Amino acid sequence: MRQTVAALLAKELALELRTREAVPAMVLFSITTYVVFHFGLDRDRLTGDLAAGVLWVTLLFAAILGINRLFVADHEQGGFDGFLLAPVDRTALLVAKVIALFSFLCVVEVVAVPAFAVLLLGPGLMQAMPALLLVLVAANAGIAVVGTLVAALAIQTRARDLIVPLLALPLLIPAVLAAARTTTPLLAEGGAAALSGDWLAVLALYDLLFALIAYAVFDFLLED
Amino acid sequence: MTGALMVATVAAIVSDDHAPPLARGRRLASAPMPANDHAVVLRGAGRRYGERAALRDVSLELPAGQTLVVFGPNGAGKTTLLRMLATLLRPHAGEVHVLGRPLPDDGYAVRGRIGFLGHEPLLYRELSGRENLRFHARLHRRPRARVEEVLDAVGMSARADDPIAELSRGMVQRLAIARTVLHEPELLLLDEPLAHLDPAAATQVQRLIGRASGRTRVVTSHDPAGGLEGADLALGLRGGRVALLAPASTVTAAQITELYA
Amino acid sequence: MLVFFYAPLDADQGFVQKIFYLHVPMAIVALCGFVAGGAMGIMHLRTRDQSWDLRSYVTIHISVILAVGVLVTGSIWARASWGHWWVWDEPMLVSFLIVFLLYATYWPLRFSIEDKEKQSRYASVFAIVAGAFVPLNFAAVRMAEQFTHPQTGATVGGGMPPKFALTFAVAFIGMTCLFVTLCKYEMASKHATFRLRALKRKLAGDDDALAVGSRSAAPQL
C-alpha cells in the first residue's frame, strides 16, 4: 500500500512540476482576491475576526481551483484505467491524492499567507506564527480530504466545474468556520492571544470524520 | 461527548463497508474453477448500458495459449467485451471466468496477470515514455531494468525521454504496447493493436504481442484475412450478440465480411 | 393522519407559537430524513440493490421539501419575533440553509451522470457524505452561535410546560406520519412509472429497442 501511494504521489508531483498548472494559479488567485477584498471592503488594514474571515475565504476559494483540477489529467489521459488495471489497493489513490492536494495547499499558503500579512493584515504575523501553522495544517487536512472526495465525485459528471463548488463549499463551511474562529484571536488587534482550543477540536473532529467516510466510500467511486 | 459518539458510529458503519471484495482484495478464491486449462470462459455474459444491451448472452471458452479474434462492426460490443475481461467493467448477467477466477469477485487476483491495450494509450501526455513506464512498473512491482527491456523491445529507447505529447501516434502506440507487456501478463487483451503502426513496427512488436509470444490472446480486428490467420478461434459480434463462433480455420474471410453488411 | 396534523393548530398561544409547532417538528423530521437517506445509501452500496437507491432518493427528496418548509416557516417566525426576514443567530435556520444548499446539488449531480448504475452509486456516496455532514454541521453552527449569542440557545426545545409539550409531541408524530406517507406515495408513483415503461418496452417487442432516450435524475429499477 505504501509503495503504491509513493508511486502515485511521485507521479502527481512530477506532473504538477512539469505542467505548473494548479499551484501558480491558486497563488495568483489568492493575491488577486486580497486586492478585491481591499476594494470591496474599502479597508487598508484588517484585524481579528475580519482578518481571519478574509484569509480563510480566500484560501477556500483558491482551494476550489485546485480541487477542480485534481483528477482532470487522470480522467482525460486514461490514468484511471491504468491504475484500475494494476493489482493494488484502490484506496491508495485516495491517500495519494489527499496528500498531493494537501501539499499543494501548503505550498500555496507559503506565499499566500505572507502576502496577506503584507497587503491586508494589521497586527504582525510573527507572534501568531506557531499557532497559525497548526491551524493551517489542520484546516488543510480537512480541505484536502473533502476536496478529494468531491473531486472524485465530480470528475465523472458532465458539468464538473459547476458541481465541484456546489458540493465543496457547503461541505467545507464547518471547516472554514472552525478555522476562522480558531484564527481570530491570533490576529487580534493587540497582539496574538492564545488560540481557541474548542474550535481546533472541532476542526480535528471534522478531519477525522471525513477521513473515515472518504476511506470507506472511495472504492465505490472507482468501480466500473 | 457527541463528537465521540459520531466518530464511533461512523467507525461502526465504515468497518462494515470494508466488506466489498473488489475494494479490499483480501478475499481468498471463492467459486470452484471450471475447466482448468481454459483461460477465458464466458457463459451467457451480458452488459447493459442504460437500457440498451451492449453485450447479450455471450458464451465461449478459450483454452490457454490460444488466440481469439473478435470481429464486428462499430458498436457491436467488441470493446465492451475486452473491458469486461480486463476487469474494468463488471458483468451484469451471466458468468465470466478469467484465468480460472470468477469476475468480478476475484478481479483483484487476476488483474496483475492481464495486459490490456485499448484505444487509449493510458499514458500521461506531459510525462516521458520512460517516466510513464517506470510509474507502471512501480504499480506492478516490477524492477526498473524491465522498463529498459521493453523500451528496447519496441524500439523506443532513443525517444524514451521525450514527453508523450511530442511523439507521433505510431510511437505512442509502441509505448502503449510496451506498457501492456511490461508486467509479463498471461492473458493479452488487445483492441486493434496494430493501429497506427507502420509495417516495420508491426513486425517488431509481433514478438511481444503476436502469436509467437505464446500467451493467451483476445484480439479485435477489422482485417478479415489477417485476423483469421493469427487466430485459433473466431468470434463475430453483432448488436452485442454472438453472430459467429467457430475455430478460425473453418471460417472464411467472406463470412466475416458479411458481418459488416 | 390529517387529524393529527390539524390538532396543533387548535393550541391557541398566538399565531407565532403555532408556527413553532410546524417549524420544529419539520426540522427534526427533515434532519432525520437526511441521515436516513445516507443510511439507505450505505445499504445500496452494500447490497447493490437498486431499490435502496430509490428509497434514498425519495427520502432525500421529501426531506429537501421539508427543509424548504423549515426555511419558510423559520423566516416567518423570525419576521414575527424580531422584525427581520432572516436572522443569523438562529442555529436551526442557518444550518438548514447550508444543508439545503448542499442537497440542492443532489439533482444536478444525478442528472449529469448518464449511466444509470454509476448515477445510483455516486448518488449513494453523496447521500452518505451529506448525511454524515448534517449533524456535524448543525453542531458546528450551534457552537458558533453559542459563542456569539449565548442567550439564543433557549429558543428551541428545553423546558416546556406539559400543555405545550403534549401539543408539540402530537405535532411531531403528525409530521413524521406526513413524511412517511409522502415517501410511500412518491415511491408508489415511481414504481408505477417503471412498470408502465417496462410494459411499453415489452409491447414494443424488444428490450434492445431504442432507449427511453431522456436523461433523468431519477433512479430506475
# chains A, B, ... in the order shown; residues from 1 in each chain; ligands from 1
$ select_by_dssp --residues "stretch 41-128 of chain A" --states "helix (DSSP H, G or I)" --output "mmCIF file with N, CA, C and O atoms, in the first residue's frame"
data_model
loop_
_atom_site.group_PDB
_atom_site.id
_atom_site.type_symbol
_atom_site.label_atom_id
_atom_site.label_comp_id
_atom_site.auth_asym_id
_atom_site.auth_seq_id
_atom_site.Cartn_x
_atom_site.Cartn_y
_atom_site.Cartn_z
ATOM 1 N N LEU A 41 -14.121 45.876 0.605
ATOM 2 C CA LEU A 41 -14.376 46.272 1.978
ATOM 3 C C LEU A 41 -13.961 47.721 2.240
ATOM 4 O O LEU A 41 -14.312 48.296 3.269
ATOM 5 N N GLY A 48 -8.334 40.832 13.764
ATOM 6 C CA GLY A 48 -9.299 39.967 14.433
ATOM 7 C C GLY A 48 -10.159 39.142 13.498
ATOM 8 O O GLY A 48 -9.655 38.493 12.579
ATOM 9 N N ASP A 49 -11.473 39.160 13.758
ATOM 10 C CA ASP A 49 -12.351 38.236 13.035
ATOM 11 C C ASP A 49 -12.457 38.589 11.551
ATOM 12 O O ASP A 49 -12.594 37.701 10.702
ATOM 13 N N LEU A 50 -12.380 39.855 11.213
ATOM 14 C CA LEU A 50 -12.450 40.232 9.802
ATOM 15 C C LEU A 50 -11.223 39.708 9.061
ATOM 16 O O LEU A 50 -11.331 39.177 7.955
ATOM 17 N N ALA A 51 -10.059 39.842 9.688
ATOM 18 C CA ALA A 51 -8.832 39.333 9.063
ATOM 19 C C ALA A 51 -8.925 37.829 8.869
ATOM 20 O O ALA A 51 -8.627 37.297 7.797
ATOM 21 N N ALA A 52 -9.341 37.141 9.929
ATOM 22 C CA ALA A 52 -9.449 35.679 9.840
ATOM 23 C C ALA A 52 -10.421 35.289 8.738
ATOM 24 O O ALA A 52 -10.159 34.386 7.943
ATOM 25 N N GLY A 53 -11.548 35.995 8.684
ATOM 26 C CA GLY A 53 -12.549 35.674 7.681
ATOM 27 C C GLY A 53 -12.026 35.836 6.270
ATOM 28 O O GLY A 53 -12.168 34.944 5.430
ATOM 29 N N VAL A 54 -11.401 36.993 6.001
ATOM 30 C CA VAL A 54 -10.886 37.247 4.651
ATOM 31 C C VAL A 54 -9.840 36.208 4.267
ATOM 32 O O VAL A 54 -9.845 35.656 3.162
ATOM 33 N N LEU A 55 -8.952 35.922 5.202
ATOM 34 C CA LEU A 55 -7.904 34.941 4.914
ATOM 35 C C LEU A 55 -8.501 33.591 4.549
ATOM 36 O O LEU A 55 -8.153 32.981 3.537
ATOM 37 N N TRP A 56 -9.449 33.121 5.356
ATOM 38 C CA TRP A 56 -9.965 31.781 5.127
ATOM 39 C C TRP A 56 -10.891 31.685 3.928
ATOM 40 O O TRP A 56 -10.906 30.681 3.229
ATOM 41 N N VAL A 57 -11.646 32.728 3.686
ATOM 42 C CA VAL A 57 -12.486 32.694 2.486
ATOM 43 C C VAL A 57 -11.603 32.638 1.245
ATOM 44 O O VAL A 57 -11.869 31.875 0.309
ATOM 45 N N THR A 58 -10.543 33.443 1.254
ATOM 46 C CA THR A 58 -9.631 33.437 0.104
ATOM 47 C C THR A 58 -9.004 32.069 -0.094
ATOM 48 O O THR A 58 -8.972 31.534 -1.204
ATOM 49 N N LEU A 59 -8.508 31.485 0.998
ATOM 50 C CA LEU A 59 -7.868 30.172 0.876
ATOM 51 C C LEU A 59 -8.874 29.128 0.410
ATOM 52 O O LEU A 59 -8.552 28.233 -0.378
ATOM 53 N N LEU A 60 -10.112 29.263 0.878
ATOM 54 C CA LEU A 60 -11.142 28.318 0.472
ATOM 55 C C LEU A 60 -11.372 28.369 -1.026
ATOM 56 O O LEU A 60 -11.393 27.341 -1.714
ATOM 57 N N PHE A 61 -11.538 29.566 -1.554
ATOM 58 C CA PHE A 61 -11.801 29.670 -2.981
ATOM 59 C C PHE A 61 -10.601 29.278 -3.823
ATOM 60 O O PHE A 61 -10.744 28.710 -4.900
ATOM 61 N N ALA A 62 -9.408 29.554 -3.309
ATOM 62 C CA ALA A 62 -8.219 29.090 -4.028
ATOM 63 C C ALA A 62 -8.183 27.571 -4.041
ATOM 64 O O ALA A 62 -7.831 26.940 -5.049
ATOM 65 N N ALA A 63 -8.584 26.975 -2.936
ATOM 66 C CA ALA A 63 -8.606 25.514 -2.868
ATOM 67 C C ALA A 63 -9.558 24.934 -3.898
ATOM 68 O O ALA A 63 -9.284 23.890 -4.495
ATOM 69 N N ILE A 64 -10.681 25.616 -4.133
ATOM 70 C CA ILE A 64 -11.651 25.129 -5.113
ATOM 71 C C ILE A 64 -10.984 24.997 -6.479
ATOM 72 O O ILE A 64 -11.244 24.041 -7.218
ATOM 73 N N LEU A 65 -10.129 25.950 -6.805
ATOM 74 C CA LEU A 65 -9.417 25.865 -8.083
ATOM 75 C C LEU A 65 -8.606 24.574 -8.158
ATOM 76 O O LEU A 65 -8.616 23.857 -9.156
ATOM 77 N N GLY A 66 -7.898 24.303 -7.076
ATOM 78 C CA GLY A 66 -7.078 23.095 -7.040
ATOM 79 C C GLY A 66 -7.928 21.841 -7.116
ATOM 80 O O GLY A 66 -7.580 20.871 -7.793
ATOM 81 N N ILE A 67 -9.048 21.851 -6.427
ATOM 82 C CA ILE A 67 -9.925 20.681 -6.410
ATOM 83 C C ILE A 67 -10.472 20.410 -7.809
ATOM 84 O O ILE A 67 -10.574 19.267 -8.246
ATOM 85 N N ASN A 68 -10.786 21.464 -8.513
ATOM 86 C CA ASN A 68 -11.290 21.296 -9.870
ATOM 87 C C ASN A 68 -10.314 20.548 -10.761
ATOM 88 O O ASN A 68 -10.715 19.782 -11.626
ATOM 89 N N ARG A 69 -9.027 20.793 -10.571
ATOM 90 C CA ARG A 69 -8.015 20.208 -11.455
ATOM 91 C C ARG A 69 -7.549 18.842 -11.006
ATOM 92 O O ARG A 69 -6.798 18.186 -11.714
ATOM 93 N N VAL A 72 -8.381 15.749 -13.277
ATOM 94 C CA VAL A 72 -8.566 16.003 -14.706
ATOM 95 C C VAL A 72 -7.578 15.225 -15.569
ATOM 96 O O VAL A 72 -7.956 14.593 -16.549
ATOM 97 N N ALA A 73 -6.322 15.273 -15.223
ATOM 98 C CA ALA A 73 -5.316 14.577 -16.036
ATOM 99 C C ALA A 73 -5.620 13.084 -16.089
ATOM 100 O O ALA A 73 -5.546 12.451 -17.138
ATOM 101 N N ASP A 74 -5.993 12.509 -14.958
ATOM 102 C CA ASP A 74 -6.297 11.081 -14.939
ATOM 103 C C ASP A 74 -7.493 10.760 -15.813
ATOM 104 O O ASP A 74 -7.512 9.792 -16.552
ATOM 105 N N HIS A 75 -8.498 11.589 -15.724
ATOM 106 C CA HIS A 75 -9.722 11.320 -16.454
ATOM 107 C C HIS A 75 -9.505 11.446 -17.954
ATOM 108 O O HIS A 75 -9.950 10.625 -18.739
ATOM 109 N N GLU A 76 -8.788 12.494 -18.364
ATOM 110 C CA GLU A 76 -8.649 12.749 -19.793
ATOM 111 C C GLU A 76 -7.585 11.899 -20.452
ATOM 112 O O GLU A 76 -7.640 11.668 -21.650
ATOM 113 N N GLY A 79 -5.696 7.807 -17.116
ATOM 114 C CA GLY A 79 -4.973 7.402 -15.919
ATOM 115 C C GLY A 79 -5.778 6.470 -15.031
ATOM 116 O O GLY A 79 -5.235 5.606 -14.360
ATOM 117 N N PHE A 80 -7.079 6.649 -15.015
ATOM 118 C CA PHE A 80 -7.917 5.786 -14.189
ATOM 119 C C PHE A 80 -7.797 4.340 -14.624
ATOM 120 O O PHE A 80 -7.590 3.445 -13.814
ATOM 121 N N ASP A 81 -7.933 4.103 -15.926
ATOM 122 C CA ASP A 81 -7.821 2.735 -16.419
ATOM 123 C C ASP A 81 -6.474 2.129 -16.046
ATOM 124 O O ASP A 81 -6.386 0.992 -15.594
ATOM 125 N N GLY A 82 -5.440 2.905 -16.290
ATOM 126 C CA GLY A 82 -4.097 2.401 -15.993
ATOM 127 C C GLY A 82 -3.978 1.971 -14.541
ATOM 128 O O GLY A 82 -3.397 0.932 -14.228
ATOM 129 N N PHE A 83 -4.556 2.763 -13.658
ATOM 130 C CA PHE A 83 -4.493 2.440 -12.240
ATOM 131 C C PHE A 83 -5.395 1.265 -11.900
ATOM 132 O O PHE A 83 -5.030 0.386 -11.120
ATOM 133 N N LEU A 84 -6.582 1.240 -12.505
ATOM 134 C CA LEU A 84 -7.529 0.175 -12.190
ATOM 135 C C LEU A 84 -7.038 -1.186 -12.651
ATOM 136 O O LEU A 84 -7.481 -2.212 -12.152
ATOM 137 N N THR A 91 -7.675 2.198 -2.595
ATOM 138 C CA THR A 91 -7.721 3.337 -1.686
ATOM 139 C C THR A 91 -6.413 4.120 -1.719
ATOM 140 O O THR A 91 -6.372 5.279 -1.294
ATOM 141 N N ALA A 92 -5.363 3.479 -2.242
ATOM 142 C CA ALA A 92 -4.087 4.182 -2.351
ATOM 143 C C ALA A 92 -4.244 5.453 -3.176
ATOM 144 O O ALA A 92 -3.559 6.452 -2.933
ATOM 145 N N LEU A 93 -5.149 5.410 -4.148
ATOM 146 C CA LEU A 93 -5.358 6.604 -4.969
ATOM 147 C C LEU A 93 -5.923 7.733 -4.126
ATOM 148 O O LEU A 93 -5.500 8.892 -4.254
ATOM 149 N N LEU A 94 -6.843 7.407 -3.258
ATOM 150 C CA LEU A 94 -7.398 8.424 -2.362
ATOM 151 C C LEU A 94 -6.298 9.034 -1.505
ATOM 152 O O LEU A 94 -6.155 10.256 -1.429
ATOM 153 N N VAL A 95 -5.507 8.179 -0.882
ATOM 154 C CA VAL A 95 -4.454 8.669 0.009
ATOM 155 C C VAL A 95 -3.477 9.550 -0.750
ATOM 156 O O VAL A 95 -3.110 10.638 -0.304
ATOM 157 N N ALA A 96 -3.068 9.082 -1.923
ATOM 158 C CA ALA A 96 -2.093 9.843 -2.704
ATOM 159 C C ALA A 96 -2.657 11.201 -3.103
ATOM 160 O O ALA A 96 -1.979 12.223 -3.001
ATOM 161 N N LYS A 97 -3.909 11.219 -3.551
ATOM 162 C CA LYS A 97 -4.497 12.483 -3.987
ATOM 163 C C LYS A 97 -4.682 13.441 -2.817
ATOM 164 O O LYS A 97 -4.500 14.655 -2.964
ATOM 165 N N VAL A 98 -5.076 12.910 -1.663
ATOM 166 C CA VAL A 98 -5.252 13.768 -0.494
ATOM 167 C C VAL A 98 -3.917 14.390 -0.108
ATOM 168 O O VAL A 98 -3.825 15.590 0.148
ATOM 169 N N ILE A 99 -2.868 13.571 -0.083
ATOM 170 C CA ILE A 99 -1.552 14.101 0.257
ATOM 171 C C ILE A 99 -1.113 15.136 -0.769
ATOM 172 O O ILE A 99 -0.560 16.190 -0.432
ATOM 173 N N ALA A 100 -1.377 14.853 -2.036
ATOM 174 C CA ALA A 100 -0.994 15.799 -3.090
ATOM 175 C C ALA A 100 -1.720 17.131 -2.900
ATOM 176 O O ALA A 100 -1.092 18.200 -2.906
ATOM 177 N N LEU A 101 -3.021 17.071 -2.727
ATOM 178 C CA LEU A 101 -3.792 18.305 -2.556
ATOM 179 C C LEU A 101 -3.338 19.051 -1.301
ATOM 180 O O LEU A 101 -3.195 20.271 -1.297
ATOM 181 N N PHE A 102 -3.085 18.310 -0.249
ATOM 182 C CA PHE A 102 -2.590 18.908 0.986
ATOM 183 C C PHE A 102 -1.270 19.640 0.723
ATOM 184 O O PHE A 102 -1.068 20.776 1.168
ATOM 185 N N SER A 103 -0.376 18.987 -0.013
ATOM 186 C CA SER A 103 0.910 19.620 -0.320
ATOM 187 C C SER A 103 0.722 20.881 -1.138
ATOM 188 O O SER A 103 1.362 21.904 -0.884
ATOM 189 N N PHE A 104 -0.152 20.810 -2.132
ATOM 190 C CA PHE A 104 -0.394 21.989 -2.968
ATOM 191 C C PHE A 104 -0.901 23.138 -2.115
ATOM 192 O O PHE A 104 -0.470 24.284 -2.258
ATOM 193 N N LEU A 105 -1.834 22.822 -1.202
ATOM 194 C CA LEU A 105 -2.374 23.874 -0.336
ATOM 195 C C LEU A 105 -1.274 24.482 0.518
ATOM 196 O O LEU A 105 -1.218 25.701 0.700
ATOM 197 N N CYS A 106 -0.405 23.641 1.052
ATOM 198 C CA CYS A 106 0.686 24.147 1.886
ATOM 199 C C CYS A 106 1.590 25.064 1.073
ATOM 200 O O CYS A 106 1.972 26.149 1.546
ATOM 201 N N VAL A 107 1.937 24.639 -0.129
ATOM 202 C CA VAL A 107 2.815 25.461 -0.966
ATOM 203 C C VAL A 107 2.148 26.803 -1.268
ATOM 204 O O VAL A 107 2.772 27.866 -1.183
ATOM 205 N N VAL A 108 0.880 26.745 -1.608
ATOM 206 C CA VAL A 108 0.154 27.985 -1.886
ATOM 207 C C VAL A 108 0.187 28.904 -0.671
ATOM 208 O O VAL A 108 0.418 30.109 -0.786
ATOM 209 N N GLU A 109 -0.009 28.323 0.498
ATOM 210 C CA GLU A 109 -0.068 29.152 1.700
ATOM 211 C C GLU A 109 1.274 29.747 2.061
ATOM 212 O O GLU A 109 1.337 30.819 2.667
ATOM 213 N N VAL A 110 2.350 29.083 1.678
ATOM 214 C CA VAL A 110 3.683 29.643 1.933
ATOM 215 C C VAL A 110 3.803 31.024 1.296
ATOM 216 O O VAL A 110 4.471 31.913 1.820
ATOM 217 N N VAL A 111 3.141 31.208 0.174
ATOM 218 C CA VAL A 111 3.158 32.524 -0.464
ATOM 219 C C VAL A 111 1.946 33.360 -0.045
ATOM 220 O O VAL A 111 2.066 34.544 0.266
ATOM 221 N N ALA A 112 0.791 32.728 -0.002
ATOM 222 C CA ALA A 112 -0.433 33.495 0.193
ATOM 223 C C ALA A 112 -0.559 34.088 1.588
ATOM 224 O O ALA A 112 -1.122 35.171 1.757
ATOM 225 N N VAL A 113 -0.069 33.403 2.599
ATOM 226 C CA VAL A 113 -0.230 33.930 3.951
ATOM 227 C C VAL A 113 0.693 35.131 4.206
ATOM 228 O O VAL A 113 0.238 36.158 4.694
ATOM 229 N N PRO A 114 1.968 35.037 3.867
ATOM 230 C CA PRO A 114 2.804 36.247 3.979
ATOM 231 C C PRO A 114 2.267 37.390 3.118
ATOM 232 O O PRO A 114 2.307 38.548 3.530
ATOM 233 N N ALA A 115 1.749 37.057 1.941
ATOM 234 C CA ALA A 115 1.178 38.107 1.089
ATOM 235 C C ALA A 115 0.029 38.792 1.813
ATOM 236 O O ALA A 115 -0.126 40.016 1.753
ATOM 237 N N PHE A 116 -0.773 37.992 2.480
ATOM 238 C CA PHE A 116 -1.881 38.541 3.246
ATOM 239 C C PHE A 116 -1.360 39.470 4.337
ATOM 240 O O PHE A 116 -1.891 40.567 4.550
ATOM 241 N N ALA A 117 -0.294 39.028 5.010
ATOM 242 C CA ALA A 117 0.282 39.841 6.086
ATOM 243 C C ALA A 117 0.761 41.178 5.541
ATOM 244 O O ALA A 117 0.596 42.222 6.172
ATOM 245 N N VAL A 118 1.358 41.125 4.354
ATOM 246 C CA VAL A 118 1.900 42.345 3.764
ATOM 247 C C VAL A 118 0.779 43.276 3.291
ATOM 248 O O VAL A 118 0.805 44.471 3.536
ATOM 249 N N LEU A 119 -0.205 42.683 2.623
ATOM 250 C CA LEU A 119 -1.212 43.518 1.978
ATOM 251 C C LEU A 119 -2.300 44.011 2.925
ATOM 252 O O LEU A 119 -2.726 45.152 2.854
#
$ interface_residues --of "chain A" --to "chain C" --cutoff "9 Å" --atoms "only C-alpha atoms" --output "ChimeraX atom specification"
/A:150,153-154,156-160,163,166-171,173-175,177-178,181,199,202,206,209-210,213-214,217-218,220-221,223-224
$ atom_distance --atom1 "atom CA of B:Leu188" --atom2 "atom CA of B:Phe116"
6.1 Å
$ atom_distance --atom1 "atom CA of B:Glu120" --atom2 "atom CA of B:Pro193"
10.9 Å
$ interface_residues --of "chain B" --to "chain C" --cutoff "6 Å" --atoms "only C-alpha atoms" --output "list in words"
Gly50, Glu51 and Arg52 of chain B
$ write_last_selection --atoms "all heavy atoms" --output "mmCIF file, in the first residue's frame"
data_model
loop_
_atom_site.group_PDB
_atom_site.id
_atom_site.type_symbol
_atom_site.label_atom_id
_atom_site.label_comp_id
_atom_site.auth_asym_id
_atom_site.auth_seq_id
_atom_site.Cartn_x
_atom_site.Cartn_y
_atom_site.Cartn_z
ATOM 1 N N GLY B 50 -27.268 1.646 -19.690
ATOM 2 C CA GLY B 50 -28.576 2.273 -19.541
ATOM 3 C C GLY B 50 -29.620 1.207 -19.813
ATOM 4 O O GLY B 50 -29.646 0.160 -19.183
ATOM 5 N N GLU B 51 -30.467 1.426 -20.793
ATOM 6 C CA GLU B 51 -31.476 0.414 -21.097
ATOM 7 C C GLU B 51 -31.081 -0.440 -22.283
ATOM 8 O O GLU B 51 -31.744 -1.411 -22.612
ATOM 9 C CB GLU B 51 -32.813 1.096 -21.383
ATOM 10 C CG GLU B 51 -33.222 2.024 -20.253
ATOM 11 C CD GLU B 51 -34.721 2.023 -20.051
ATOM 12 O OE1 GLU B 51 -35.429 1.686 -21.005
ATOM 13 O OE2 GLU B 51 -35.165 2.357 -18.955
ATOM 14 N N ARG B 52 -29.985 -0.087 -22.911
ATOM 15 C CA ARG B 52 -29.543 -0.827 -24.096
ATOM 16 C C ARG B 52 -28.591 -1.922 -23.647
ATOM 17 O O ARG B 52 -27.830 -1.754 -22.704
ATOM 18 C CB ARG B 52 -28.821 0.154 -25.026
ATOM 19 C CG ARG B 52 -28.493 -0.376 -26.392
ATOM 20 C CD ARG B 52 -27.927 0.766 -27.230
ATOM 21 N NE ARG B 52 -26.832 1.425 -26.551
ATOM 22 C CZ ARG B 52 -25.556 1.044 -26.629
ATOM 23 N NH1 ARG B 52 -25.234 -0.019 -27.332
ATOM 24 N NH2 ARG B 52 -24.619 1.699 -25.981
#
$ atom_distance --atom1 "atom CA of B:Ala243" --atom2 "atom CA of B:Leu259"
7.7 Å
$ decode --residues "stretch 74-89 of chain A" --atoms "N, CA, C and O atoms" --output "short mmCIF file (atom, residue, chain, number, x, y, z; two decimals), in the first residue's frame"
data_model
loop_
_atom_site.label_atom_id
_atom_site.label_comp_id
_atom_site.auth_asym_id
_atom_site.auth_seq_id
_atom_site.Cartn_x
_atom_site.Cartn_y
_atom_site.Cartn_z
N ASP A 74 -5.99 12.51 -14.96
CA ASP A 74 -6.30 11.08 -14.94
C ASP A 74 -7.49 10.76 -15.81
O ASP A 74 -7.51 9.79 -16.55
N HIS A 75 -8.50 11.59 -15.72
CA HIS A 75 -9.72 11.32 -16.45
C HIS A 75 -9.50 11.45 -17.95
O HIS A 75 -9.95 10.62 -18.74
N GLU A 76 -8.79 12.49 -18.36
CA GLU A 76 -8.65 12.75 -19.79
C GLU A 76 -7.58 11.90 -20.45
O GLU A 76 -7.64 11.67 -21.65
N GLN A 77 -6.60 11.46 -19.70
CA GLN A 77 -5.50 10.74 -20.33
C GLN A 77 -5.48 9.28 -19.94
O GLN A 77 -4.46 8.62 -20.03
N GLY A 78 -6.60 8.77 -19.50
CA GLY A 78 -6.71 7.34 -19.25
C GLY A 78 -6.00 6.87 -18.01
O GLY A 78 -5.75 5.68 -17.85
N GLY A 79 -5.70 7.81 -17.12
CA GLY A 79 -4.97 7.40 -15.92
C GLY A 79 -5.78 6.47 -15.03
O GLY A 79 -5.23 5.61 -14.36
N PHE A 80 -7.08 6.65 -15.02
CA PHE A 80 -7.92 5.79 -14.19
C PHE A 80 -7.80 4.34 -14.62
O PHE A 80 -7.59 3.44 -13.81
N ASP A 81 -7.93 4.10 -15.93
CA ASP A 81 -7.82 2.73 -16.42
C ASP A 81 -6.47 2.13 -16.05
O ASP A 81 -6.39 0.99 -15.59
N GLY A 82 -5.44 2.90 -16.29
CA GLY A 82 -4.10 2.40 -15.99
C GLY A 82 -3.98 1.97 -14.54
O GLY A 82 -3.40 0.93 -14.23
N PHE A 83 -4.56 2.76 -13.66
CA PHE A 83 -4.49 2.44 -12.24
C PHE A 83 -5.40 1.26 -11.90
O PHE A 83 -5.03 0.39 -11.12
N LEU A 84 -6.58 1.24 -12.51
CA LEU A 84 -7.53 0.18 -12.19
C LEU A 84 -7.04 -1.19 -12.65
O LEU A 84 -7.48 -2.21 -12.15
N LEU A 85 -6.14 -1.18 -13.62
CA LEU A 85 -5.63 -2.45 -14.12
C LEU A 85 -4.51 -3.02 -13.24
O LEU A 85 -4.09 -4.15 -13.43
N ALA A 86 -4.03 -2.21 -12.33
CA ALA A 86 -2.90 -2.67 -11.51
C ALA A 86 -3.40 -3.43 -10.29
O ALA A 86 -4.44 -3.09 -9.73
N PRO A 87 -2.65 -4.42 -9.85
CA PRO A 87 -3.06 -5.23 -8.70
C PRO A 87 -2.74 -4.51 -7.39
O PRO A 87 -1.90 -4.95 -6.61
N VAL A 88 -3.40 -3.38 -7.18
CA VAL A 88 -3.10 -2.61 -5.98
C VAL A 88 -4.38 -2.25 -5.24
O VAL A 88 -5.46 -2.30 -5.81
N ASP A 89 -4.23 -1.89 -4.00
CA ASP A 89 -5.35 -1.44 -3.20
C ASP A 89 -5.80 -0.08 -3.73
O ASP A 89 -5.02 0.86 -3.77
#
